[in-house]
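Some notes on the structure that comes next.
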Amino acid sequence: MDPINLRVPEELREQVAELARRLEGTDGPSEMSTTAQKLIYVGLGMRKSGQEPKFEGPLGMVSRPFAGVNFAGETVSFGTRVSTEVGEELTEVFETKKHPAAREALRVGVIYLQIEELDITGPAQIKRPFAKLEMEDPIDDPRAMDALQELRSVL
């Protein structure tokens, strides 16, 4: 297993910690790592399946520069581990180095799982209260679907 240091906004880390508490009973380092792995699998599966968040406003689809999900707070770090195979998939699918790819996969996984609870913002972090975020099932990756079902079981 390859270690990955995830440098993420504090709010994103808190989302992972809350899921770890629900799934594993605590948010210790080992439980955070396990939960982050599952979220990375979901995000990786989403990207491999060609799924991307779709933002819909009152007048139709809104492009990503004008709508997005941003996580607030200082940058914090925590670690996880993924297999060498998953690390290679991350770099290939997200077309960047392993650590940034894992961060983006984690972010996509949290967005997909918490889709109903997230605020959508536009330029300058202005909230877009009428925008909706949509993502479709299914994910073609069995590992991602297993992780998604396990994570959904605690929501």
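Labels for the structure tokens follow display order: chains A, B, ..., residues from 1 in each chain, ligands from 1.
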
**OP:** Using only C-alpha atoms, determine which residues lie at most 12 Å from range 90-99 of chain A, disregarding the query and same-chain residues fewer than 2 positions distant; provide the list as JSON, numbers by chain.
**Re:** {"A": [2, 3, 4, 5, 6, 7, 8, 40, 41, 42, 43, 44, 45, 46, 47, 48, 49, 50, 77, 78, 79, 80, 81, 82, 83, 84, 85, 86, 87, 88, 101, 102, 103, 104, 105, 106, 108]}

Would you output that residue set with N, CA, C and O atoms, as a short mmCIF file (atom, residue, chain, number, x, y, z; two decimals), in the first residue's frame?
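File produced: result_2.cif:
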```cif
data_model
loop_
_atom_site.label_atom_id
_atom_site.label_comp_id
_atom_site.auth_asym_id
_atom_site.auth_seq_id
_atom_site.Cartn_x
_atom_site.Cartn_y
_atom_site.Cartn_z
N ASP A 2 0.50 2.19 -0.81
CA ASP A 2 1.24 3.45 -0.92
C ASP A 2 0.60 4.51 -0.02
O ASP A 2 -0.62 4.71 -0.07
N PRO A 3 1.41 5.20 0.79
CA PRO A 3 0.84 6.27 1.62
C PRO A 3 0.53 7.50 0.77
O PRO A 3 1.23 7.79 -0.20
N ILE A 4 -0.53 8.19 1.13
CA ILE A 4 -0.92 9.44 0.47
C ILE A 4 -1.21 10.46 1.55
O ILE A 4 -1.99 10.20 2.47
N ASN A 5 -0.57 11.61 1.44
CA ASN A 5 -0.84 12.72 2.35
C ASN A 5 -1.88 13.62 1.67
O ASN A 5 -1.63 14.17 0.61
N LEU A 6 -3.03 13.74 2.29
CA LEU A 6 -4.12 14.54 1.73
C LEU A 6 -4.12 15.91 2.38
O LEU A 6 -4.39 16.04 3.57
N ARG A 7 -3.78 16.93 1.61
CA ARG A 7 -3.84 18.31 2.08
C ARG A 7 -5.12 18.91 1.52
O ARG A 7 -5.22 19.15 0.33
N VAL A 8 -6.10 19.09 2.42
CA VAL A 8 -7.45 19.48 1.99
C VAL A 8 -7.96 20.61 2.87
O VAL A 8 -7.47 20.82 3.98
N ILE A 40 -12.23 7.94 -1.95
CA ILE A 40 -11.36 7.99 -3.13
C ILE A 40 -11.82 6.97 -4.17
O ILE A 40 -11.87 7.27 -5.36
N TYR A 41 -12.19 5.77 -3.72
CA TYR A 41 -12.71 4.76 -4.66
C TYR A 41 -13.95 5.27 -5.37
O TYR A 41 -14.12 5.07 -6.57
N VAL A 42 -14.85 5.93 -4.63
CA VAL A 42 -16.08 6.47 -5.22
C VAL A 42 -15.73 7.56 -6.25
O VAL A 42 -16.23 7.55 -7.37
N GLY A 43 -14.86 8.50 -5.86
CA GLY A 43 -14.47 9.57 -6.78
C GLY A 43 -13.78 9.04 -8.02
O GLY A 43 -14.03 9.51 -9.13
N LEU A 44 -12.90 8.06 -7.84
CA LEU A 44 -12.21 7.45 -8.97
C LEU A 44 -13.20 6.73 -9.88
O LEU A 44 -13.16 6.87 -11.10
N GLY A 45 -14.13 6.00 -9.28
CA GLY A 45 -15.16 5.31 -10.06
C GLY A 45 -16.03 6.28 -10.84
O GLY A 45 -16.40 6.01 -11.98
N MET A 46 -16.37 7.40 -10.21
CA MET A 46 -17.16 8.43 -10.90
C MET A 46 -16.43 8.93 -12.13
O MET A 46 -17.01 8.98 -13.22
N ARG A 47 -15.18 9.29 -11.97
CA ARG A 47 -14.41 9.83 -13.09
C ARG A 47 -14.22 8.78 -14.19
O ARG A 47 -14.34 9.08 -15.37
N LYS A 48 -13.93 7.54 -13.78
CA LYS A 48 -13.76 6.46 -14.77
C LYS A 48 -15.05 6.21 -15.55
O LYS A 48 -15.00 5.84 -16.71
N SER A 49 -16.19 6.44 -14.92
CA SER A 49 -17.48 6.23 -15.57
C SER A 49 -17.91 7.45 -16.38
O SER A 49 -19.00 7.46 -16.95
N GLY A 50 -17.08 8.49 -16.38
CA GLY A 50 -17.41 9.70 -17.14
C GLY A 50 -18.40 10.59 -16.42
O GLY A 50 -18.99 11.49 -17.02
N SER A 77 -3.95 18.48 6.94
CA SER A 77 -3.45 17.23 6.36
C SER A 77 -3.92 16.04 7.16
O SER A 77 -4.07 16.10 8.37
N PHE A 78 -4.13 14.96 6.46
CA PHE A 78 -4.30 13.65 7.08
C PHE A 78 -3.90 12.62 6.04
O PHE A 78 -3.80 12.92 4.86
N GLY A 79 -3.64 11.43 6.49
CA GLY A 79 -3.10 10.43 5.59
C GLY A 79 -4.04 9.28 5.32
O GLY A 79 -4.98 9.03 6.06
N THR A 80 -3.78 8.60 4.23
CA THR A 80 -4.47 7.37 3.89
C THR A 80 -3.50 6.52 3.09
O THR A 80 -2.38 6.92 2.83
N ARG A 81 -3.94 5.34 2.71
CA ARG A 81 -3.13 4.44 1.91
C ARG A 81 -4.00 3.88 0.80
O ARG A 81 -5.18 3.61 1.01
N VAL A 82 -3.41 3.74 -0.38
CA VAL A 82 -4.08 3.07 -1.48
C VAL A 82 -3.10 2.08 -2.10
O VAL A 82 -1.88 2.24 -1.97
N SER A 83 -3.64 1.08 -2.75
CA SER A 83 -2.75 0.11 -3.41
C SER A 83 -2.00 0.80 -4.54
O SER A 83 -2.42 1.84 -5.05
N THR A 84 -0.91 0.20 -4.94
CA THR A 84 -0.13 0.73 -6.06
C THR A 84 -1.01 0.81 -7.30
O THR A 84 -0.94 1.79 -8.06
N GLU A 85 -1.85 -0.19 -7.50
CA GLU A 85 -2.76 -0.21 -8.65
C GLU A 85 -3.70 0.99 -8.64
O GLU A 85 -3.90 1.66 -9.65
N VAL A 86 -4.29 1.28 -7.48
CA VAL A 86 -5.20 2.42 -7.36
C VAL A 86 -4.43 3.72 -7.57
O VAL A 86 -4.92 4.63 -8.25
N GLY A 87 -3.22 3.82 -7.04
CA GLY A 87 -2.39 5.01 -7.26
C GLY A 87 -2.13 5.24 -8.74
O GLY A 87 -2.21 6.38 -9.23
N GLU A 88 -1.86 4.18 -9.47
CA GLU A 88 -1.63 4.31 -10.92
C GLU A 88 -2.92 4.71 -11.64
O GLU A 88 -2.89 5.54 -12.56
N ALA A 101 -4.39 13.93 -7.50
CA ALA A 101 -5.46 13.08 -8.04
C ALA A 101 -6.28 12.49 -6.90
O ALA A 101 -7.51 12.43 -6.97
N ALA A 102 -5.62 12.05 -5.83
CA ALA A 102 -6.33 11.50 -4.68
C ALA A 102 -7.19 12.57 -4.00
O ALA A 102 -8.32 12.30 -3.59
N ARG A 103 -6.66 13.80 -3.90
CA ARG A 103 -7.44 14.90 -3.32
C ARG A 103 -8.71 15.14 -4.13
O ARG A 103 -9.79 15.32 -3.59
N GLU A 104 -8.56 15.18 -5.46
CA GLU A 104 -9.72 15.43 -6.32
C GLU A 104 -10.71 14.27 -6.24
O GLU A 104 -11.92 14.48 -6.20
N ALA A 105 -10.22 13.04 -6.21
CA ALA A 105 -11.10 11.88 -6.09
C ALA A 105 -11.85 11.93 -4.76
O ALA A 105 -13.06 11.65 -4.70
N LEU A 106 -11.17 12.31 -3.68
CA LEU A 106 -11.81 12.45 -2.37
C LEU A 106 -12.90 13.51 -2.43
O LEU A 106 -14.02 13.31 -1.96
N VAL A 108 -14.57 14.63 -5.07
CA VAL A 108 -15.69 14.15 -5.89
C VAL A 108 -16.51 13.12 -5.11
O VAL A 108 -17.74 13.13 -5.16
#
```

Original post:
Between CA of Asp27 in chain A and CA of Glu10 in chain A, what is the spacing in Å?
Top reply: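 Result for CA of Glu10 in chain A versus CA of Asp27 in chain A: 14.2 Å, one decimal.
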
Subject >> Counting only C-alpha atoms, the residue of A:Pro100, A:Leu12, A:Gln37, A:Arg22 that sits nearest Thr75 in chain A >> reply: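 When distances to Thr75 in chain A are compared using only C-alpha atoms, the smallest one comes from A:Leu12.
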
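If you look at CA of Thr35 in chain A and CA of Ala20 in chain A, they are 5.6 Å away from each other.
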
Subject >> Closest of A:Leu148, A:Phe71, A:Glu52, A:Pro29 to Gln15 in chain A - atom-to-atom distances counting only C-alpha atoms >> reply: A:Phe71

**OP:** Rounded to one decimal place, report the CA of Glu74 in chain A-CA of Glu14 in chain A distance in Å.
**Re:** 11.6 Å

Original post:
From the list A:Leu113, A:Leu151, A:Ala144, A:Ala72, which residue is nearest Glu11 in chain A when using only C-alpha atoms?
Top reply: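 Smallest distance to Glu11 in chain A is found for A:Ala72.
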
Subject >> From A:Leu39, A:Thr34, A:Leu23, A:Gln114, residue lying nearest Ala147 in chain A [only C-alpha atoms] >> reply: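 Once distances to Ala147 in chain A are computed over only C-alpha atoms, the minimum belongs to A:Leu39.
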